[in-house]
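So the structure is just underneath, and the comments pick up after that.
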Amino acid sequence: MKRTAPLLIAATVGFIIIVSSFIPYTESWGEDSMIWFDILAAVAFVLGGGNLLKMNLKKVSDRRPGWAYSAIIIAAFLITLTLGLLKVGTHPNEVFWNKPWSGDYIGEGSALWWIYEYLIYPLTSTMFAMLAFYIASAAFRAFRAKNMEASLLLGTAFIVLLGRTYAAIILTGWLPELAHDAEPSFFGQLWNGLRLEKLTETIMGVFNLAGSRAINIGIALGIASTSLKVLLGVDRSYLGTGED
Amino acid sequence: MYEFLKTLDRRWVFLLMFLAVATPILLKVTFPEKPSAMVMDVFQAIEGLPEGSKVLMAWDFDPASRGELEPMASAFTRHCAEKKLKMYYMALWPLAVPMIQDSIRILEREYPHLEYGRDYMNLGYKPGNEGVIKVVITNIRKLYTTDHYGTGVETIPMMSGVTSVQAMDLIINVSAGDPGTKQWVQYVATPFNKRMVAGATGVQAPQLYPYIPAQLVGILGAIKAAAEYEQAVIDGYPHLAKIATAKEGLRRMGPQLVGHVLVVLLVILANVIYFIGRRRGDTR
């Protein structure tokens with residue numbers, strides 16, 4: 001029963017959503033199913049929060065390597081949760097001046113705004129910005145023209161890197177552009193096509209497009225077959241092993 | 001010299017990259033941008049809308065990609081405000097709400113004649129990823145009973161007559177991943193034949209090119225396209241050139257140019273060292 005009930009729910013809801021896309025009469029069934037999903041997604045935050053606490057508390061109590069980071073996670077989680085649940089607002093409130101911390105709890109100056117502005121924003125931006133340093137270092141160490149394939153990749157990377165900046169104009173801006181009001185000649189098209197920004201457009205719009213489209217079609221077919229396996233109960237991996 | 005370069009400490013590379021990015025920022029170096037055909041397609045999709053058209057502004061990014069995506073989100077906001085379009089902001093990412101608030105601050109500061117609830121509104125964040133899209137495309141009020149600030153949507157004038165996202169004349173999505181442009185294309189633009197334009201990170205944009213032009217009118221890929229779009233908006237509405245924050249994308253092209261040139265030079269240098277080493281029989 002522990003495994004059969006979830007299987008039946010998944011299969012029923014899954015088929016309802018598929019059917020609702022094809023039969024107008026069943027459209028509202030699909031809508032209701034999706035609203036259940038959205039409610040469950042909100043409940044999943046509670047489950048996720050509980051799981052985060054459980055895993056990190058265990059790490060701290062076992063004094064495993066890096067337990068201090070877990071302690072910081074727990075503290076940050078509990079502080080943010082408390083401020084959100086208590087709706088700690090700005091102070092003083094212009095309307096209810098005798099009620100402390102009762103102003104706007106998500107607007108500028110509130111505790112949650114402060115956490116976002118001075119913790120989340122600088123921390124996540126810093127993490128992303130550091131990529132520039134690691135990419136430069138990795139490119140210097142790993143990008144070698146060892147064979148034909150690597151050389152092609154290297155040449156393509158150079159064209160796109162330069163073609164996506166003003167360097168394209170500095171380096172190949174002297175090549176004539178196509179005139180809009182005249183029939184383009186063969187050489188006119190050739191010179192125009194050799195401009196770095198045009199070469200970049202060709203790489204992105206032809207080679208990259210063909211590869212991306214092929215990958216997307218492959219992924220779509222894979223998703224369709226995997227979804228059918230889940231709905232028919234052939235693939236039950238999402239139910240877990242039952243040991244935990 | 002050869003030995004020094006072969007075993008170059010990566011901190012030298014970090015220092016060079018720091019200087020490559022910091023110098024153009026400090027010297028305020030900018031370059032002229034010429035909008036590409038793709039950027040002009042995006043521009044025309046908004047420019048061609050009549051005054052009062054409804055536009056869904058789906059902001060699906062967080063502070064990690066703010067540097068790359070905020071300039072295009074701001075440019076979309078300014079362009080829609082200039083065109084006097086009705087803007088409906090919503091988010092599928094919890095940390096995208098402050099991004100929406102940034103856009104709304106632009107409207108409050110630069111377009112004080114526009115009124116919340118009549119010209120623009122913030123529907124806020126809902127959990128459920130593509131599940132949210134699947135619901136709002138058929139019935140927005142089943143999920144959004146209030147706006148982000150808790151006001152009932154039935155009391156908001158610009159929600160009058162809007163029962164689903166199908167009422168929108170255009171969908172503008174700025175996204176840094178999933179859920180984002182791909183899901184909006186799959187569940188809204190394609191099955192309901194809605195016009196849509198998007199802005200995406202440089203990493204994500206190549207995966208979205210296959211949707212153009214049938215399912216997506218156009219896409220702004222990374223800061224380069226954001227700068228070109230800013231230029232297109234400034235060309236169309238020259239008074240925006242006086243606003244420094246309306247040229248954030250253009251400003252960021254300086255560090256991008258020097259950073260890209262540095263990476264190219266580093267790779268060339270690394271390959272020169274590699275070939276010298278190979279000639280010398282150095283297998284280390």
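Ligands are numbered from 1 in the order shown, residues from 1 within each chain, and chains are lettered A, B, ... in the order they appear in the structure tokens.
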Sort by chain and increasing residue number a table of all residues of chain A within 8 Å of chain B, each with its closest pair of atoms and their distance in Å to one decimal, counting only C-alpha atoms, and write it as a tab-separated table.
```
residue	atom	partner	partner_atom	distance
A:Glu31	CA	B:Val135	CA	5.8
A:Met34	CA	B:Gly131	CA	5.7
A:Ile35	CA	B:Val135	CA	7.0
A:Phe37	CA	B:Gly131	CA	6.7
A:Asp38	CA	B:Gly128	CA	4.6
A:Ile39	CA	B:Gly128	CA	7.8
A:Ala41	CA	B:Gly128	CA	5.2
A:Ala42	CA	B:Pro127	CA	5.8
A:Ile120	CA	B:Pro63	CA	7.6
A:Tyr121	CA	B:Pro63	CA	5.4
A:Thr124	CA	B:Ala64	CA	4.8
A:Ser125	CA	B:Ala64	CA	4.6
A:Thr126	CA	B:Ala64	CA	7.9
A:Met127	CA	B:Ala64	CA	7.4
A:Phe128	CA	B:Ala64	CA	5.7
A:Ala132	CA	B:Met17	CA	7.5
A:Phe133	CA	B:Phe14	CA	5.4
A:Tyr134	CA	B:Phe14	CA	7.9
A:Ala136	CA	B:Val263	CA	5.7
A:Ser137	CA	B:Val13	CA	6.0
A:Ala139	CA	B:Val267	CA	6.2
A:Phe140	CA	B:Val267	CA	5.1
A:Arg141	CA	B:Ala270	CA	7.0
A:Phe143	CA	B:Val267	CA	6.4
A:Arg144	CA	B:Asn271	CA	5.7
A:Ala145	CA	B:Asn271	CA	6.9
A:Phe158	CA	B:Val264	CA	6.3
A:Leu161	CA	B:His260	CA	5.8
A:Leu162	CA	B:His260	CA	6.7
A:Arg164	CA	B:Lys224	CA	6.3
A:Thr165	CA	B:Leu257	CA	5.2
A:Tyr166	CA	B:Leu257	CA	6.4
A:Ala167	CA	B:Leu257	CA	6.6
A:Met204	CA	B:Pro206	CA	7.0
A:Gly205	CA	B:Tyr209	CA	7.4
A:Asn208	CA	B:Pro206	CA	6.8
A:Leu209	CA	B:Pro210	CA	5.8
A:Ala210	CA	B:Pro210	CA	7.9
A:Ser212	CA	B:Gln207	CA	5.7
A:Arg213	CA	B:Pro210	CA	5.5
```
Can I get the selected residues back with N, CA and C atoms, as a compact mmCIF listing (two decimals), in the first residue's frame?
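Done, and the output landed in again-v4.txt:
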```txt
# COMPACT_ATOMS: atom_id res chain seq x y z
N GLU A 31 -6.44 21.82 -14.68
CA GLU A 31 -6.18 23.03 -13.87
C GLU A 31 -6.14 22.68 -12.39
N MET A 34 -3.07 20.88 -11.40
CA MET A 34 -1.90 21.75 -11.32
C MET A 34 -1.93 22.61 -10.05
N ILE A 35 -3.15 22.98 -9.61
CA ILE A 35 -3.24 23.76 -8.36
C ILE A 35 -2.83 22.89 -7.18
N PHE A 37 -0.69 20.60 -7.36
CA PHE A 37 0.78 20.56 -7.48
C PHE A 37 1.40 21.80 -6.85
N ASP A 38 0.79 22.98 -7.15
CA ASP A 38 1.34 24.23 -6.61
C ASP A 38 1.25 24.27 -5.09
N ILE A 39 0.13 23.71 -4.54
CA ILE A 39 -0.01 23.67 -3.07
C ILE A 39 1.06 22.74 -2.49
N ALA A 41 3.89 22.06 -3.84
CA ALA A 41 5.20 22.71 -3.98
C ALA A 41 5.45 23.66 -2.81
N ALA A 42 4.37 24.35 -2.35
CA ALA A 42 4.53 25.25 -1.20
C ALA A 42 4.80 24.44 0.06
N ILE A 120 22.47 38.34 1.02
CA ILE A 120 22.22 37.48 -0.15
C ILE A 120 22.79 38.11 -1.43
N TYR A 121 22.48 39.38 -1.65
CA TYR A 121 22.91 40.02 -2.90
C TYR A 121 24.44 40.04 -3.05
N THR A 124 25.87 36.19 -3.34
CA THR A 124 25.63 35.47 -4.60
C THR A 124 26.31 36.18 -5.77
N SER A 125 26.33 37.51 -5.74
CA SER A 125 27.01 38.24 -6.83
C SER A 125 28.50 37.94 -6.82
N THR A 126 29.07 37.87 -5.63
CA THR A 126 30.50 37.58 -5.51
C THR A 126 30.82 36.19 -6.07
N MET A 127 29.97 35.22 -5.72
CA MET A 127 30.18 33.84 -6.21
C MET A 127 30.19 33.83 -7.75
N PHE A 128 29.23 34.54 -8.35
CA PHE A 128 29.11 34.55 -9.80
C PHE A 128 30.27 35.31 -10.44
N ALA A 132 34.79 34.74 -13.44
CA ALA A 132 35.68 35.40 -14.40
C ALA A 132 37.13 35.02 -14.13
N PHE A 133 37.50 34.97 -12.85
CA PHE A 133 38.88 34.63 -12.48
C PHE A 133 39.17 33.16 -12.75
N TYR A 134 38.23 32.29 -12.38
CA TYR A 134 38.47 30.85 -12.56
C TYR A 134 38.45 30.46 -14.04
N ALA A 136 39.37 32.40 -16.56
CA ALA A 136 40.64 32.86 -17.14
C ALA A 136 41.76 31.89 -16.78
N SER A 137 41.79 31.47 -15.51
CA SER A 137 42.84 30.55 -15.06
C SER A 137 42.70 29.18 -15.74
N ALA A 139 41.21 28.51 -18.61
CA ALA A 139 41.51 28.62 -20.05
C ALA A 139 43.02 28.61 -20.27
N PHE A 140 43.75 29.31 -19.39
CA PHE A 140 45.21 29.38 -19.51
C PHE A 140 45.84 27.99 -19.33
N ARG A 141 45.27 27.19 -18.44
CA ARG A 141 45.88 25.89 -18.13
C ARG A 141 45.43 24.76 -19.04
N PHE A 143 43.29 25.01 -22.23
CA PHE A 143 42.91 25.21 -23.63
C PHE A 143 44.13 25.07 -24.55
N ARG A 144 44.40 23.87 -25.07
CA ARG A 144 45.56 23.64 -25.92
C ARG A 144 45.13 23.12 -27.29
N ALA A 145 45.81 23.58 -28.35
CA ALA A 145 45.52 23.11 -29.71
C ALA A 145 46.27 21.80 -29.94
N PHE A 158 37.74 31.92 -30.03
CA PHE A 158 38.35 33.24 -30.27
C PHE A 158 37.37 34.15 -31.02
N LEU A 161 34.43 35.06 -28.70
CA LEU A 161 34.89 35.95 -27.61
C LEU A 161 35.10 37.37 -28.12
N LEU A 162 35.75 37.49 -29.28
CA LEU A 162 36.03 38.83 -29.82
C LEU A 162 34.80 39.41 -30.52
N ARG A 164 31.79 39.19 -29.71
CA ARG A 164 30.76 39.67 -28.77
C ARG A 164 31.19 40.96 -28.07
N THR A 165 32.26 41.60 -28.58
CA THR A 165 32.71 42.86 -27.98
C THR A 165 33.04 43.86 -29.10
N TYR A 166 33.45 45.03 -28.69
CA TYR A 166 33.81 46.06 -29.68
C TYR A 166 35.11 45.70 -30.41
N ALA A 167 35.81 44.69 -29.91
CA ALA A 167 37.04 44.23 -30.58
C ALA A 167 36.74 43.83 -32.02
N MET A 204 26.66 31.17 -34.20
CA MET A 204 25.53 30.99 -33.27
C MET A 204 24.26 30.57 -34.03
N GLY A 205 24.05 31.13 -35.20
CA GLY A 205 22.79 30.90 -35.91
C GLY A 205 22.78 29.68 -36.81
N ASN A 208 25.72 26.35 -33.99
CA ASN A 208 25.17 26.18 -32.64
C ASN A 208 23.69 25.82 -32.71
N LEU A 209 22.96 26.47 -33.64
CA LEU A 209 21.52 26.23 -33.75
C LEU A 209 21.25 24.77 -34.11
N ALA A 210 22.00 24.25 -35.10
CA ALA A 210 21.78 22.86 -35.52
C ALA A 210 22.05 21.91 -34.36
N SER A 212 22.05 22.58 -31.06
CA SER A 212 21.07 22.77 -29.99
C SER A 212 19.74 22.12 -30.34
N ARG A 213 19.35 22.29 -31.61
CA ARG A 213 18.06 21.72 -32.02
C ARG A 213 18.10 20.19 -31.91
```
Checklist entry - Which polymer residues have any atom within 9 Å of an atom of Leu8 of chain A, counting only C-alpha atoms, with same-chain residues fewer than 4 positions away left out, as JSON, numbers by chain? => result {"A": [3, 4, 12, 13, 231, 233]}
Item to check | Residues of segment 67-222 of chain B in strand (DSSP E or B), written as a PyMOL selection string | outcome: chain B and resi 86-91+116+120-125+146+152+170-175+196-200+218-221
Next on the checklist: If we count only C-alpha atoms and set the cut-off at 12 Å, which residues sit around Lys54 of chain A, ignoring sequence neighbours fewer than 5 positions away in its own chain? Please answer as a ChimeraX atom specification.
Outcome noted: /A:47-49,59-61,70-71,73-74
Item to check | Leu228 of chain A surroundings by only C-alpha atoms, 12 Å radius, close-in-sequence under 4 positions cut, as a ChimeraX atom specification | outcome: /A:10-11,14-15,18,221-224,232-236
Could you name the residues that touch Lys87 of chain A at 10 Å or less, counting only C-alpha atoms, but leaving out those on the same chain fewer than 3 positions away, as a PDB file with N, CA and C atoms, in the first residue's frame?
```pdb
ATOM      1  N   LEU A  81      13.853  32.680   9.024  1.00  0.00           N
ATOM      2  CA  LEU A  81      12.512  32.100   9.231  1.00  0.00           C
ATOM      3  C   LEU A  81      11.749  32.889  10.299  1.00  0.00           C
ATOM      4  N   THR A  82      12.437  33.177  11.404  1.00  0.00           N
ATOM      5  CA  THR A  82      11.775  33.898  12.501  1.00  0.00           C
ATOM      6  C   THR A  82      11.343  35.297  12.063  1.00  0.00           C
ATOM      7  N   LEU A  83      12.253  36.000  11.369  1.00  0.00           N
ATOM      8  CA  LEU A  83      11.926  37.367  10.915  1.00  0.00           C
ATOM      9  C   LEU A  83      10.743  37.346   9.948  1.00  0.00           C
ATOM     10  N   GLY A  84      10.706  36.294   9.105  1.00  0.00           N
ATOM     11  CA  GLY A  84       9.610  36.187   8.134  1.00  0.00           C
ATOM     12  C   GLY A  84       8.298  35.837   8.807  1.00  0.00           C
ATOM     13  N   THR A  90       9.595  47.605   9.401  1.00  0.00           N
ATOM     14  CA  THR A  90      10.453  48.775   9.629  1.00  0.00           C
ATOM     15  C   THR A  90      10.035  49.492  10.916  1.00  0.00           C
ATOM     16  N   TRP A 101       8.545  48.037  15.339  1.00  0.00           N
ATOM     17  CA  TRP A 101       8.817  47.084  14.246  1.00  0.00           C
ATOM     18  C   TRP A 101       7.528  46.630  13.544  1.00  0.00           C
ATOM     19  N   SER A 102       6.574  47.526  13.385  1.00  0.00           N
ATOM     20  CA  SER A 102       5.301  47.120  12.780  1.00  0.00           C
ATOM     21  C   SER A 102       5.093  47.698  11.388  1.00  0.00           C
ATOM     22  N   GLY A 103       6.142  48.284  10.807  1.00  0.00           N
ATOM     23  CA  GLY A 103       6.012  48.858   9.463  1.00  0.00           C
ATOM     24  C   GLY A 103       6.018  47.783   8.384  1.00  0.00           C
ATOM     25  N   ASP A 104       6.292  48.216   7.132  1.00  0.00           N
ATOM     26  CA  ASP A 104       6.333  47.300   5.985  1.00  0.00           C
ATOM     27  C   ASP A 104       7.417  46.242   6.228  1.00  0.00           C
ATOM     28  N   TYR A 105       7.020  44.946   6.169  1.00  0.00           N
ATOM     29  CA  TYR A 105       7.998  43.892   6.503  1.00  0.00           C
ATOM     30  C   TYR A 105       8.769  43.366   5.304  1.00  0.00           C
ATOM     31  N   ILE A 106       8.427  43.827   4.079  1.00  0.00           N
ATOM     32  CA  ILE A 106       9.226  43.402   2.917  1.00  0.00           C
ATOM     33  C   ILE A 106       9.842  44.605   2.183  1.00  0.00           C
ATOM     34  N   SER A 110      13.316  47.120   6.035  1.00  0.00           N
ATOM     35  CA  SER A 110      12.860  46.017   6.897  1.00  0.00           C
ATOM     36  C   SER A 110      14.001  45.025   7.113  1.00  0.00           C
ATOM     37  N   ALA A 111      13.801  44.124   8.092  1.00  0.00           N
ATOM     38  CA  ALA A 111      14.855  43.147   8.421  1.00  0.00           C
ATOM     39  C   ALA A 111      15.133  42.217   7.235  1.00  0.00           C
ATOM     40  N   LEU A 112      14.063  41.751   6.571  1.00  0.00           N
ATOM     41  CA  LEU A 112      14.248  40.852   5.423  1.00  0.00           C
ATOM     42  C   LEU A 112      14.940  41.588   4.277  1.00  0.00           C
TER      43      LEU A 112
END
```
Hey, what's within 9 Å of Gly180 of chain B if we count only C-alpha atoms and toss same-chain stuff fewer than 2 positions away? As a PDB file with C-alpha atoms, in the first residue's frame, please?
```pdb
ATOM      1  CA  ALA B  58       8.065  37.551 -16.153  1.00  0.00           C
ATOM      2  CA  TRP B  59      11.329  38.133 -14.272  1.00  0.00           C
ATOM      3  CA  ASP B  60      12.954  34.760 -13.486  1.00  0.00           C
ATOM      4  CA  PHE B  61      16.433  35.561 -12.223  1.00  0.00           C
ATOM      5  CA  LEU B  92       8.755  32.006 -10.610  1.00  0.00           C
ATOM      6  CA  TRP B  93      11.965  32.454  -8.594  1.00  0.00           C
ATOM      7  CA  ASN B 129       7.700  26.396 -11.245  1.00  0.00           C
ATOM      8  CA  GLU B 130       6.052  25.408 -14.554  1.00  0.00           C
ATOM      9  CA  ASN B 173      10.665  36.941 -19.974  1.00  0.00           C
ATOM     10  CA  VAL B 174      14.087  37.638 -18.490  1.00  0.00           C
ATOM     11  CA  SER B 175      15.502  34.404 -17.144  1.00  0.00           C
ATOM     12  CA  ALA B 176      18.682  32.853 -15.819  1.00  0.00           C
ATOM     13  CA  GLY B 177      17.634  29.194 -16.085  1.00  0.00           C
ATOM     14  CA  ASP B 178      14.790  26.862 -15.182  1.00  0.00           C
ATOM     15  CA  LYS B 182      12.031  27.432 -22.034  1.00  0.00           C
ATOM     16  CA  GLN B 183       8.957  26.764 -19.884  1.00  0.00           C
ATOM     17  CA  TRP B 184       7.179  29.969 -21.008  1.00  0.00           C
ATOM     18  CA  VAL B 185       7.764  28.918 -24.620  1.00  0.00           C
TER      19      VAL B 185
END
```
Checklist entry - Out of segment 2-244 of chain A, which residues get alpha helix (DSSP H) from DSSP, as a PyMOL selection string? => result chain A and resi 4-20+27-61+67-85+111-115+121-129+131-142+148-163+167-172+186-194+196-202+209-231
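Here the question is which of B:Glu70, B:Asp282, B:Glu154, B:Asp147 gets nearest to Glu230 of chain B using only C-alpha atoms, and that residue is B:Glu70.
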Checklist entry - What gap, in Å, lies between atom CA of Tyr229 of chain B and atom CA of Val39 of chain B? => result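 So the two atoms, atom CA of Tyr229 of chain B and atom CA of Val39 of chain B, lie 5.9 Å apart.
If you measure from each of A:Ile169, A:Ile79, A:Ala142, A:Met130 to Leu154 of chain A using only C-alpha atoms, the closest one turns out to be A:Ala142.
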